[in-house]
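Below: the structure, in structure tokens.
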Amino acid sequence: MNIDRNLIRLLKEEKRPFTLSGLAGSLGALLLVGQAWSLSRVVEQVFRTAAGWEMLLPSVSLFALFSILRLLLNQAGHQAAKNGTLGIRKMLSKRLAVSVADLGPAFARSEQSGRLVTTMLKGVEAVDPYFSQYIPQLLMALVTPVVILAAVFPSDWISGTILLLSAPLIPAFMIVIGRKASVATEKQWITMSRMSGFFLDMLQGLDTLKLFAQEKSRRDGIGEASERFRRSTMSVLKIAFLSSLTLELVGTIGTAGAAVSIGLRLASGTMPFRPAIFILLLIPDFYLTLRQLGTKFHAGMEGVTASKEMHGIFDRAAEAPGNDGSRELKAEEASSGHFFIDDLCYTFPGSATPALDGVSCTLRAGSVTALTGPSGAGKSTLLNLLLRFLEPQAGSVTLGSVAIGDYRPESWYRQIAWVPQHPFLFNASIRENLLMARPDAGDAEIEQALHQAGLLDMVRSLPGGLGTMIGEQGSRLSGGEAQRLSLARAFLKDAPILLLDEPTSHTDPVLEAQLRASMAELMKGRTVVMIAHRLESIRNADTILVLEKGRISQKGSHDELIAADGFYRHALHSSTEEAA
């Protein structure tokens, strides 16, 4: 049987609608017996007693009443199941969004984006048939055969025995076929997720593919992925059709056996006419309920597979170190507190080399601390730990005397402005992209932030002004304009702690000088931590930390590090020679 414990537990979230659906199905089973009873009475009166319309009217009216009530109950049960399913889908969507947010950017970057999106969108949609079709049918399959058997046995124990012995064959075949269906459906889901991820990667890297003339090979790859998905889908359909054929065969044999038994006894006069008609009317519905369960079984199978993916995310979120402290971080505390980093360690999953290995330092309030060193030295990892995108595996990071994990995430992020190396801009207007930093800001404040970032004249020259759409990831902006928009976000937020991740990388010397001037204005009076590879941009930092192989190898001001032999001096000389 297609019973998934994780999905069954979700029924507790919507007890009332599914209880109403089950109650409607149970009452519908009783009305089904009433229909058969009243209709058998009509048939007997017509064929055995040649009753007139006046005598038939009560039985016909009763049959019509039972039919109408059963129809209304079926509709009410389906609607209740749909309402409950909608509630579960909303809950799953919200829980997935919260879990991914709790796991943070590090988790999102480690997963194939297409597969993650498929789980969050298609996965939630896939559970709909499980709850709206399979669960109500499962409840009916548990109740209706029992009610019919209870009605048949007092009338004819032989027919009841035939039904009782043949009924378990249908669930038995469902279990056998269901195992193969589960494997095939899981394979189909994985194939679809991989195809989605492959297609999204190709779209995102279309420029690179065109540049290296690899679009044909990728196109062929999409064709192969589509063919694999087609084959896996056909495997699922083949099993579904085989299942339907098997269940129909069992139901037909059971119906034929009971009908032949009744016919022989009617012909011999050992069985009354009315009970025979009554039982013959009930037998098709007895097997129909079980056969329909087989059909809904396959409809809900994809939801079971999707549930495994979703609950994998839920489990990872539950196992992740907690970062939901309860302490409120005030602006005054954020602006005056020193960061104390003590023996900080972090190793990425699957890596044998630690990204940070016993880092200890102090980041003083109101000062500018620069992080530099070779690629892979741990600079971005340290910044991600300060941002709480990652949680320390050993050691601690405190603001004053309070561990940063003790602060509520919302209050923590309110006091931090972040300018990443590659800012993410949404397919929305300039105004909407800036309001992410401070939703309550007015147009005057937005224009002031744009002016401070040196972008106001450009925005005013646009026909749509602040309402201009900038495209997916700021595709309608130049690299420098996108970086300035990210700086404008930081100006608008006006947070006391500022984190900069190489914001002048990939820029020409003129633009770099302009961005450096904007950043100098932005850094005034704030606690600043910045990553830099271009050492000219950190010459005026109060403290420069050089990281190598996850450890701090040098520490001091620009003049102190130039006087000492080490990475900083060699890197500065190399960059000077390249510029010359």
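A note on labels: chains of the structure tokens are A, B, ... as shown, every chain counts residues from 1, and ligands are counted from 1 in their shown order.
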Thr468 of chain A: which residues within 9 Å, counting only C-alpha atoms, same-chain residues fewer than 5 positions away excluded, as a ChimeraX atom specification? /A:428-431,459,462-463
Could the residues in this selection be saved with N, CA, C and O atoms as an mmCIF file, in the first residue's frame?
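The resulting file, part.cif, is reproduced below:
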data_model
loop_
_atom_site.group_PDB
_atom_site.id
_atom_site.type_symbol
_atom_site.label_atom_id
_atom_site.label_comp_id
_atom_site.auth_asym_id
_atom_site.auth_seq_id
_atom_site.Cartn_x
_atom_site.Cartn_y
_atom_site.Cartn_z
ATOM 1 N N ALA A 428 13.046 43.375 -11.283
ATOM 2 C CA ALA A 428 12.078 44.332 -10.747
ATOM 3 C C ALA A 428 12.600 45.739 -11.052
ATOM 4 O O ALA A 428 13.601 45.910 -11.734
ATOM 5 N N SER A 429 11.917 46.743 -10.541
ATOM 6 C CA SER A 429 12.338 48.121 -10.798
ATOM 7 C C SER A 429 13.526 48.491 -9.915
ATOM 8 O O SER A 429 13.854 47.798 -8.936
ATOM 9 N N ILE A 430 14.168 49.606 -10.262
ATOM 10 C CA ILE A 430 15.270 50.107 -9.440
ATOM 11 C C ILE A 430 14.773 50.390 -8.036
ATOM 12 O O ILE A 430 15.432 50.054 -7.039
ATOM 13 N N ARG A 431 13.594 50.972 -7.924
ATOM 14 C CA ARG A 431 13.032 51.287 -6.603
ATOM 15 C C ARG A 431 12.839 50.016 -5.777
ATOM 16 O O ARG A 431 13.238 49.957 -4.611
ATOM 17 N N VAL A 459 20.069 57.314 -13.263
ATOM 18 C CA VAL A 459 18.686 56.907 -13.030
ATOM 19 C C VAL A 459 17.725 57.978 -13.533
ATOM 20 O O VAL A 459 16.693 57.678 -14.154
ATOM 21 N N LEU A 462 16.892 57.929 -17.228
ATOM 22 C CA LEU A 462 16.069 56.842 -17.753
ATOM 23 C C LEU A 462 14.614 57.297 -17.900
ATOM 24 O O LEU A 462 14.109 58.031 -17.039
ATOM 25 N N PRO A 463 13.918 56.870 -18.947
ATOM 26 C CA PRO A 463 12.514 57.291 -19.134
ATOM 27 C C PRO A 463 11.622 56.913 -17.955
ATOM 28 O O PRO A 463 10.722 57.664 -17.584
#
Pick from A:Glu302, A:Glu111, A:Glu44, A:Glu432: nearest to Ala276 of chain A, with only C-alpha atoms counted?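 For Ala276 of chain A, the nearest of the given residues is A:Glu44.
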Shell around Trp157 of chain A at 12 Å using only C-alpha atoms, local window under 3 positions removed, as a PyMOL selection string: chain A and resi 149-154+160-164+258+261-262+271+275-276+279
Could the residues in this selection be written to a file with N, CA and C atoms, as a compact mmCIF listing (two decimals), in the first residue's frame?
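After the write, out25.txt holds the following:
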# COMPACT_ATOMS: atom_id res chain seq x y z
N LEU A 149 -20.20 -5.99 2.94
CA LEU A 149 -20.16 -7.35 3.50
C LEU A 149 -21.17 -7.50 4.63
N ALA A 150 -21.27 -6.44 5.46
CA ALA A 150 -22.23 -6.49 6.57
C ALA A 150 -23.66 -6.57 6.05
N ALA A 151 -23.92 -6.01 4.86
CA ALA A 151 -25.25 -6.07 4.28
C ALA A 151 -25.49 -7.39 3.53
N VAL A 152 -24.43 -7.97 2.95
CA VAL A 152 -24.57 -9.17 2.13
C VAL A 152 -24.68 -10.43 2.97
N PHE A 153 -23.87 -10.56 4.03
CA PHE A 153 -23.84 -11.81 4.80
C PHE A 153 -25.20 -12.21 5.38
N PRO A 154 -25.99 -11.28 5.95
CA PRO A 154 -27.31 -11.71 6.45
C PRO A 154 -28.23 -12.20 5.35
N GLY A 160 -21.38 -13.67 0.39
CA GLY A 160 -20.50 -12.93 1.30
C GLY A 160 -19.13 -13.58 1.41
N THR A 161 -19.13 -14.94 1.45
CA THR A 161 -17.85 -15.66 1.55
C THR A 161 -17.01 -15.47 0.29
N ILE A 162 -17.67 -15.49 -0.88
CA ILE A 162 -16.95 -15.28 -2.14
C ILE A 162 -16.31 -13.89 -2.16
N LEU A 163 -17.07 -12.90 -1.74
CA LEU A 163 -16.53 -11.52 -1.70
C LEU A 163 -15.39 -11.42 -0.69
N LEU A 164 -15.58 -12.06 0.45
CA LEU A 164 -14.58 -11.96 1.51
C LEU A 164 -13.26 -12.61 1.10
N ALA A 258 -19.49 -14.71 -8.08
CA ALA A 258 -20.68 -14.46 -7.25
C ALA A 258 -21.94 -14.50 -8.09
N SER A 261 -22.90 -18.08 -9.03
CA SER A 261 -23.45 -18.77 -7.85
C SER A 261 -24.89 -18.35 -7.60
N ILE A 262 -25.15 -17.05 -7.69
CA ILE A 262 -26.50 -16.55 -7.46
C ILE A 262 -27.44 -17.04 -8.56
N MET A 271 -32.88 -19.76 -3.81
CA MET A 271 -32.56 -18.40 -3.36
C MET A 271 -33.67 -17.45 -3.74
N PRO A 275 -33.33 -10.81 -2.49
CA PRO A 275 -31.95 -10.80 -2.00
C PRO A 275 -30.92 -10.97 -3.11
N ALA A 276 -31.28 -11.78 -4.14
CA ALA A 276 -30.35 -11.98 -5.25
C ALA A 276 -30.10 -10.67 -5.98
N ILE A 279 -27.98 -8.26 -3.81
CA ILE A 279 -26.55 -8.59 -3.77
C ILE A 279 -25.88 -8.27 -5.10
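Closest approach to Gly28 of chain A from the set A:Ile68, A:Met301, A:Leu499, A:Met523 is made by A:Ile68, with distances taken over only C-alpha atoms.
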Point out the residue among A:Gln75, A:Thr289, A:Ser244, A:Ser268 with the least atom-to-atom distance to Leu142 of chain A, counting only C-alpha atoms.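 Residue with the minimum atom-to-atom distance to Leu142 of chain A: A:Thr289.
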Counting only C-alpha atoms, closest pick from A:Leu390, A:Leu69, A:Leu242, A:Leu7 relative to Gly104 of chain A is A:Leu390
Secondary structure check, alpha helix (DSSP H) residues of segment 105-215 of chain A, as a VMD selection string: chain A and resid 105 to 110 113 to 118 124 to 129 135 to 155 157 to 166 169 to 204 206 to 211 215
Give me the residues near Arg115 of chain A as a ChimeraX atom specification, where near means some atom within 7 Å (using only C-alpha atoms) and where sequence neighbours in that chain fewer than 2 positions away do not count. /A:112-113,117-119,193-194,196-197
Given only C-alpha atoms as the counted atoms, nearest of A:Leu547, A:Leu20, A:Leu56, A:Leu96 to Leu73 of chain A: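 Under the stated criterion, the closest residue is A:Leu20.
Distance annotation: of A:Gln483, A:Ser401, A:Thr208, A:Thr372, the residue with the minimal separation from Leu545 of chain A is A:Thr372; atom set is only C-alpha atoms.
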Quick one: residues within 10 Å of Arg95 of chain A, only C-alpha atoms counted, chain neighbours fewer than 5 positions away excluded, as a count of residues only? 8
What's around Met55 of chain A at 10 Å? Count only C-alpha atoms, leave out sequence neighbours fewer than 5 positions away in its own chain, and write the answer as a ChimeraX atom specification. /A:42,45-46,50,60
Go ahead and dump the residues you just picked, N, CA and C atoms, as a compact mmCIF listing (two decimals), in the first residue's frame.
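Saved file out_16.txt follows:
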# COMPACT_ATOMS: atom_id res chain seq x y z
N VAL A 42 -37.88 -2.10 -5.99
CA VAL A 42 -38.58 -1.65 -7.19
C VAL A 42 -38.60 -2.76 -8.23
N GLN A 45 -41.05 -5.46 -7.27
CA GLN A 45 -42.44 -5.05 -7.44
C GLN A 45 -42.85 -5.03 -8.92
N VAL A 46 -41.88 -4.67 -9.79
CA VAL A 46 -42.21 -4.60 -11.22
C VAL A 46 -42.29 -5.98 -11.84
N ALA A 50 -46.02 -7.13 -10.51
CA ALA A 50 -46.62 -6.25 -11.53
C ALA A 50 -47.32 -5.07 -10.88
N VAL A 60 -39.47 4.15 -5.36
CA VAL A 60 -38.74 5.00 -6.30
C VAL A 60 -38.30 6.30 -5.62
Quick one: pull the distance between atom CA of Ser93 of chain A and atom CA of Ala299 of chain A, Å, one decimal. 20.5 Å
Interatomic distance (Å, one decimal) between atom CA of Ser478 of chain A and atom CA of Ala495 of chain A: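 So the two atoms, atom CA of Ser478 of chain A and atom CA of Ala495 of chain A, lie 26.3 Å apart.
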Show me, as JSON lines, the residues of segment 294-357 of chain A having an atom within 10 Å of segment 128-137 of chain A, each with the closest atom pair and its distance in Å, using only C-alpha atoms.
{"residue": "A:Gly294", "atom": "CA", "partner": "A:Tyr134", "partner_atom": "CA", "distance": 9.0}
{"residue": "A:Thr295", "atom": "CA", "partner": "A:Tyr134", "partner_atom": "CA", "distance": 8.5}
{"residue": "A:Lys296", "atom": "CA", "partner": "A:Tyr134", "partner_atom": "CA", "distance": 4.9}
{"residue": "A:Phe297", "atom": "CA", "partner": "A:Tyr134", "partner_atom": "CA", "distance": 6.0}
{"residue": "A:His298", "atom": "CA", "partner": "A:Tyr134", "partner_atom": "CA", "distance": 8.6}
{"residue": "A:Ala299", "atom": "CA", "partner": "A:Pro129", "partner_atom": "CA", "distance": 5.9}
{"residue": "A:Gly300", "atom": "CA", "partner": "A:Tyr130", "partner_atom": "CA", "distance": 4.0}
{"residue": "A:Met301", "atom": "CA", "partner": "A:Tyr130", "partner_atom": "CA", "distance": 7.3}
{"residue": "A:Glu302", "atom": "CA", "partner": "A:Tyr130", "partner_atom": "CA", "distance": 8.2}
{"residue": "A:Gly303", "atom": "CA", "partner": "A:Tyr130", "partner_atom": "CA", "distance": 5.9}
{"residue": "A:Val304", "atom": "CA", "partner": "A:Tyr130", "partner_atom": "CA", "distance": 7.7}
Would you list the contacts of Glu472 of chain A as a list of chain:residue names, taking every protein, DNA or RNA residue within 9 Å and counting only C-alpha atoms, but skipping same-chain residues closer than 4 positions in sequence?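 My reading of the contact set: A:Leu425, A:Phe426, A:Asn427, A:Ala428, A:Arg476.
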Identify, with DSSP run on backbone atoms, the residues in segment 115-359 of chain A assigned to strand (DSSP E), and express the list as a ChimeraX atom specification. /A:339-346,356-359
